[in-house]
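K.L.:
One structure coming up, written as structure tokens, with questions to follow.
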Amino acid sequence: MIAVQHLVKKFGLRTAVNDISFEVAKGEVLGFLGPNGAGKSTTMRMITCFIPPTAGTATVCGHDILRDSVAVRRAIGYLPENAPVYTDMTVAGYLHFIAEMRGLRGTAARTRVGQIMESCNLAGVGAQSVGTLSKGYKQRVCFAQAILHDPPVLVLDEPTDGLDPNQKHEVRQLIKRMGKDKCIVLSTHILEEVDAVCTRAIIIAKGTIVANGTPAELRAQSELHDAVTLTLRGVAEDTAVPFLSALANVYHAKVLERINGSLLIRVFPKEGKQIAHTISSAVRDKRWDVEEFRVEQGRLDEVFRKVTLG
Ligand SMILES: Nc1ncnc2c1ncn2[C@@H]1O[C@H](COP(=O)(O)OP(=O)(O)OP(=O)(O)O)[C@@H](O)[C@H]1O
Ligand SMILES: [Mg+2]
């Protein structure tokens, strides 16, 4: 439903987005990750026809952003960064205005605004002017305008920024529900959000894509992936570490912590090898007292650092 082809954006001499291409299908929730200034918002602004690209193009539901921008805007709900909403309108007044802009009139508009205020937890502030709302409530209003016309494509620039933990949870649930029959692109700095809602993530750095995969695929790039962490009770360090290090396919073992006679040890595999089974049967043979045994999935924050700083 979104196909981005070689998008480039230059601001003067600075290249903010440097030849980005990707596709997003119906039913996908694509997470956009990357350091500050990586080009996430700029890419979203181009897809939503907010700014023109310097080169390249994109299509949304088959409509080209350059040749058919009105059709693209109809198909998209866009939550821009920092919730730019008209501050001197009331919440209800603003959402009515958006409903009319989206072609709804009379009862249809009123009903839809009522529903959306309910689902975005805005019912209590309908008569308040937007400028006097707290940051999180402004964000909710902006989210409400993005989904008001029930568009097939949503582009959400940091949708949970500024929300309290309960509201974050609700917005994530809403995104997940909507993601089943829409196509959603969202940016975030919260890596746990990727696990919570995204079916796939793209990491961009300095305007280019440096990683693209499911959360599990990205995690598999972590050095921790398939390492085994275990806690042994009553075993000497100079017995345990050399023993574990010498097992088949083990790269090395190290003690992470010593807690009251227990050792917290991490054992790393040689590249691409699985060691969990070897280790579990070896420690069982030794009849060592194992308090905890865990196979690591890998960590997104580590992968993020590796691909954006490396
Ligand atoms: N209108 C503009 N004029 C000049 N430079 C701009 C403009 N908009 C963005 N930039 C620059 O483009 C680069 C990418 O900015 P962008 O806002 O896309 O980053 P981002 O990935 O969204 O970052 P953040 O995580 O901080 O939101 C930055 O260097 C920024 O300063
Ligand atoms: Mg941004």
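Residue numbering restarts at 1 for every chain of the structure tokens, chains are lettered A, B, ... in their displayed order, and ligands are numbered from 1 as they appear.
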Do a neighbour search on Asp68 (chain A) at 10 Å with only C-alpha atoms, toss out local chain neighbours closer than 5 positions, and write the hits as a ChimeraX atom specification.
P.N.:
/A:49,59-60,62-63,73
K.L.:
The selected residues should be written to file as a compact mmCIF listing (two decimals), in the first residue's frame (atoms: N, CA and C atoms).
P.N.:
# COMPACT_ATOMS: atom_id res chain seq x y z
N CYS A 49 2.90 14.07 1.39
CA CYS A 49 2.79 15.22 0.49
C CYS A 49 2.92 16.56 1.21
N THR A 59 4.43 5.87 -3.94
CA THR A 59 3.00 5.74 -4.21
C THR A 59 2.31 5.27 -2.93
N VAL A 60 1.10 5.77 -2.74
CA VAL A 60 0.28 5.38 -1.59
C VAL A 60 -1.05 4.89 -2.16
N GLY A 62 -1.45 3.12 -4.60
CA GLY A 62 -1.34 3.22 -6.06
C GLY A 62 -1.27 4.64 -6.60
N HIS A 63 -1.46 5.67 -5.74
CA HIS A 63 -1.41 7.06 -6.20
C HIS A 63 -0.02 7.64 -5.98
N ARG A 73 -3.46 12.19 -0.11
CA ARG A 73 -3.88 12.79 1.18
C ARG A 73 -5.20 12.23 1.67
K.L.:
Counting only C-alpha atoms and all ligand atoms, which residues of chain A sit at most 9 Å from some atom of ligand 1, and what is each one's closest atom pair with its distance in Å to one decimal, listed by chain and rising residue number, as a tab-separated table?
P.N.:
residue	atom	partner	partner_atom_place_in_ligand_line	distance
A:Lys9	CA	ligand 1	12 (O)	8.3
A:Lys10	CA	ligand 1	12 (O)	7.9
A:Phe11	CA	ligand 1	4 (C)	4.9
A:Gly12	CA	ligand 1	4 (C)	7.3
A:Arg14	CA	ligand 1	5 (N)	7.2
A:Thr15	CA	ligand 1	12 (O)	7.1
A:Ala16	CA	ligand 1	12 (O)	4.2
A:Val17	CA	ligand 1	14 (C)	7.1
A:Phe32	CA	ligand 1	21 (O)	8.8
A:Leu33	CA	ligand 1	21 (O)	7.9
A:Gly34	CA	ligand 1	21 (O)	6.1
A:Pro35	CA	ligand 1	25 (O)	5.5
A:Asn36	CA	ligand 1	26 (O)	3.4
A:Gly37	CA	ligand 1	19 (O)	3.4
A:Ala38	CA	ligand 1	21 (O)	3.7
A:Gly39	CA	ligand 1	18 (O)	3.2
A:Lys40	CA	ligand 1	21 (O)	3.7
A:Ser41	CA	ligand 1	22 (O)	3.7
A:Thr42	CA	ligand 1	18 (O)	3.7
A:Thr43	CA	ligand 1	18 (O)	6.4
A:Met44	CA	ligand 1	18 (O)	8.0
A:Arg45	CA	ligand 1	18 (O)	8.3
A:Ile51	CA	ligand 1	1 (N)	9.0
A:Glu81	CA	ligand 1	27 (O)	7.3
A:Asp157	CA	ligand 1	22 (O)	8.0
A:Glu158	CA	ligand 1	27 (O)	8.0
A:Ser187	CA	ligand 1	22 (O)	8.1
A:Thr188	CA	ligand 1	25 (O)	7.8
A:His189	CA	ligand 1	25 (O)	7.1
A:Ile204	CA	ligand 1	21 (O)	7.8
A:Ala205	CA	ligand 1	21 (O)	7.9
A:Lys206	CA	ligand 1	14 (C)	7.8
A:Gly207	CA	ligand 1	14 (C)	7.2
K.L.:
Nearest to Leu30 (chain A): which of A:Cys61, A:Val194, A:Ala236, A:Val303 is it, counting only C-alpha atoms?
P.N.:
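Nearest candidate to Leu30 (chain A) out of A:Cys61, A:Val194, A:Ala236, A:Val303: A:Val194.
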K.L.:
Could you find all residues in region 116-282 of chain A that DSSP calls strand (DSSP E or B) from the backbone, and write them as an MDAnalysis selection string?
P.N.:
chainID A and resid 129 153:157 183:187 200:205 208:213 228:233 250:259 262:269
K.L.:
Using only C-alpha atoms, which of A:Arg219, A:Arg112, A:Lys254, A:His277 sits nearest Glu296 (chain A)?
P.N.:
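Once distances to Glu296 (chain A) are computed over only C-alpha atoms, the minimum belongs to A:Arg219.
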K.L.:
Calculated over only C-alpha atoms and all ligand atoms, which of the candidates A:Leu66, A:Val290, A:Cys198, A:Asn82 has the smallest distance to ligand 2?
P.N.:
A:Asn82
K.L.:
With only C-alpha atoms as the counted atoms, please give the residues lying no more than 8 Å from region 88-94 of chain A, apart from itself and same-chain residues fewer than 3 positions off, as a list of chain:residue names.
P.N.:
A:Phe97, A:Ile98, A:Val113, A:Val125, A:Gly126, A:Ala127, A:Gln128, A:Ser129, A:Val130, A:Gly131, A:Val141
K.L.:
Which is closer to Ala58 (chain A) than all the others in A:Leu230, A:Met1, A:Val307, A:Ala25, using only C-alpha atoms?
P.N.:
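Comparing A:Leu230, A:Met1, A:Val307, A:Ala25 against Ala58 (chain A), the winner is A:Met1.
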K.L.:
Give me, as a list in words, all polymer residues having an atom no more than 9 Å from Leu154 (chain A), counting only C-alpha atoms and skipping those fewer than 3 positions away in the same chain.
P.N.:
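The neighbour list is Ala75, Ile76, Gly77, Tyr78, Leu79, Ala146, Ile147, Pro151, Lys182, Cys183, Ile184, Val185 and Leu186 of chain A.
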K.L.:
Those same residues - N, CA and C atoms - I'd like them written as a PDB file, in the first residue's frame.
P.N.:
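The resulting file, again-v1.pdb, is shown below:
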ATOM      1  N   ALA A  75      -6.167   9.207   1.250  1.00  0.00           N
ATOM      2  CA  ALA A  75      -5.950   7.832   1.715  1.00  0.00           C
ATOM      3  C   ALA A  75      -5.172   7.775   3.027  1.00  0.00           C
ATOM      4  N   ILE A  76      -4.605   8.924   3.436  1.00  0.00           N
ATOM      5  CA  ILE A  76      -3.691   8.926   4.584  1.00  0.00           C
ATOM      6  C   ILE A  76      -4.250   9.673   5.786  1.00  0.00           C
ATOM      7  N   GLY A  77      -4.008   9.117   6.958  1.00  0.00           N
ATOM      8  CA  GLY A  77      -4.172   9.873   8.200  1.00  0.00           C
ATOM      9  C   GLY A  77      -2.780  10.157   8.707  1.00  0.00           C
ATOM     10  N   TYR A  78      -2.497  11.413   9.023  1.00  0.00           N
ATOM     11  CA  TYR A  78      -1.117  11.799   9.356  1.00  0.00           C
ATOM     12  C   TYR A  78      -1.078  12.474  10.720  1.00  0.00           C
ATOM     13  N   LEU A  79      -0.254  11.919  11.589  1.00  0.00           N
ATOM     14  CA  LEU A  79       0.010  12.561  12.871  1.00  0.00           C
ATOM     15  C   LEU A  79       1.421  13.132  12.797  1.00  0.00           C
ATOM     16  N   ALA A 146      -6.027  12.339  13.026  1.00  0.00           N
ATOM     17  CA  ALA A 146      -5.387  11.454  12.047  1.00  0.00           C
ATOM     18  C   ALA A 146      -6.275  10.265  11.669  1.00  0.00           C
ATOM     19  N   ILE A 147      -7.044   9.764  12.628  1.00  0.00           N
ATOM     20  CA  ILE A 147      -7.831   8.551  12.345  1.00  0.00           C
ATOM     21  C   ILE A 147      -9.311   8.853  12.064  1.00  0.00           C
ATOM     22  N   PRO A 151      -8.874   6.237   7.525  1.00  0.00           N
ATOM     23  CA  PRO A 151      -8.106   6.051   6.285  1.00  0.00           C
ATOM     24  C   PRO A 151      -7.436   4.670   6.239  1.00  0.00           C
ATOM     25  N   LYS A 182      -5.256  -2.113   8.148  1.00  0.00           N
ATOM     26  CA  LYS A 182      -4.698  -0.904   7.546  1.00  0.00           C
ATOM     27  C   LYS A 182      -3.224  -1.138   7.268  1.00  0.00           C
ATOM     28  N   CYS A 183      -2.590  -0.070   6.829  1.00  0.00           N
ATOM     29  CA  CYS A 183      -1.145  -0.097   6.648  1.00  0.00           C
ATOM     30  C   CYS A 183      -0.619   1.076   7.464  1.00  0.00           C
ATOM     31  N   ILE A 184       0.242   0.802   8.417  1.00  0.00           N
ATOM     32  CA  ILE A 184       0.651   1.849   9.356  1.00  0.00           C
ATOM     33  C   ILE A 184       2.169   1.996   9.375  1.00  0.00           C
ATOM     34  N   VAL A 185       2.626   3.231   9.295  1.00  0.00           N
ATOM     35  CA  VAL A 185       4.044   3.523   9.504  1.00  0.00           C
ATOM     36  C   VAL A 185       4.120   4.432  10.716  1.00  0.00           C
ATOM     37  N   LEU A 186       4.928   4.064  11.692  1.00  0.00           N
ATOM     38  CA  LEU A 186       5.080   4.943  12.847  1.00  0.00           C
ATOM     39  C   LEU A 186       6.552   5.078  13.193  1.00  0.00           C
TER      40      LEU A 186
END
K.L.:
Out of A:Leu148, A:Met101, A:Ala83, A:Leu263, which residue has the shortest atom-to-atom distance to ligand 2 when counting only C-alpha atoms and all ligand atoms?
P.N.:
A:Ala83
K.L.:
Which distance in Å separates CA of Val210 (chain A) and CA of Thr54 (chain A), to one decimal?
P.N.:
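Interatomic distance, CA of Val210 (chain A) to CA of Thr54 (chain A): 21.0 Å.
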K.L.:
Mind listing the alpha helix (DSSP H) residues of region 152-226 of chain A, per DSSP on the backbone, as a PyMOL selection string?
P.N.:
chain A and resi 165-179+191-197+215-219
K.L.:
Here is a test: counting only C-alpha atoms, which residue of A:Leu218, A:Leu300, A:Val250, A:Leu256 is nearest to Leu191 (chain A)?
P.N.:
A:Leu300
K.L.:
As an mmCIF file with C-alpha atoms, in the first residue's frame, please: the residues near Val241 (chain A) (cut-off 10 Å, only C-alpha atoms, same-chain neighbours under 3 positions excluded).
P.N.:
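Full text of around24.cif as output:
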data_model
loop_
_atom_site.group_PDB
_atom_site.id
_atom_site.type_symbol
_atom_site.label_atom_id
_atom_site.label_comp_id
_atom_site.auth_asym_id
_atom_site.auth_seq_id
_atom_site.Cartn_x
_atom_site.Cartn_y
_atom_site.Cartn_z
ATOM 1 C CA VAL A 235 30.325 -23.876 42.159
ATOM 2 C CA ALA A 236 33.790 -22.272 42.170
ATOM 3 C CA GLU A 237 34.448 -19.675 39.484
ATOM 4 C CA ASP A 238 37.727 -21.271 38.383
ATOM 5 C CA LEU A 244 31.862 -23.982 30.159
ATOM 6 C CA SER A 245 34.377 -22.259 27.870
ATOM 7 C CA ALA A 246 35.689 -25.624 26.664
ATOM 8 C CA HIS A 252 33.640 -17.843 25.608
ATOM 9 C CA ALA A 253 32.096 -17.679 29.073
ATOM 10 C CA LYS A 254 32.238 -14.850 31.572
ATOM 11 C CA VAL A 255 31.025 -14.125 35.068
ATOM 12 C CA LEU A 263 27.618 -17.082 40.023
ATOM 13 C CA ILE A 265 27.497 -16.523 34.081
ATOM 14 C CA ARG A 266 26.955 -15.719 30.420
ATOM 15 C CA VAL A 267 28.134 -18.150 27.765
#
K.L.:
When you look at Val171 (chain A) with a cut-off of 8 Å (counting only C-alpha atoms), what residues show up, excluding the ones that are within fewer than 3 positions of it in the same chain? I need them as a compact mmCIF listing (two decimals) with N, CA and C atoms, in the first residue's frame.
P.N.:
# COMPACT_ATOMS: atom_id res chain seq x y z
N PRO A 159 3.77 8.66 17.78
CA PRO A 159 2.39 8.77 18.27
C PRO A 159 2.24 8.71 19.78
N THR A 160 3.17 8.11 20.49
CA THR A 160 2.98 8.01 21.94
C THR A 160 3.84 9.01 22.71
N GLN A 167 -2.09 5.79 28.85
CA GLN A 167 -2.51 6.25 27.54
C GLN A 167 -1.63 5.65 26.44
N LYS A 168 -0.32 5.52 26.75
CA LYS A 168 0.59 4.84 25.81
C LYS A 168 0.06 3.46 25.50
N LEU A 174 -4.76 0.39 20.29
CA LEU A 174 -5.55 0.92 19.19
C LEU A 174 -4.80 0.74 17.86
N ILE A 175 -3.51 1.04 17.88
CA ILE A 175 -2.69 0.90 16.67
C ILE A 175 -2.65 -0.57 16.24
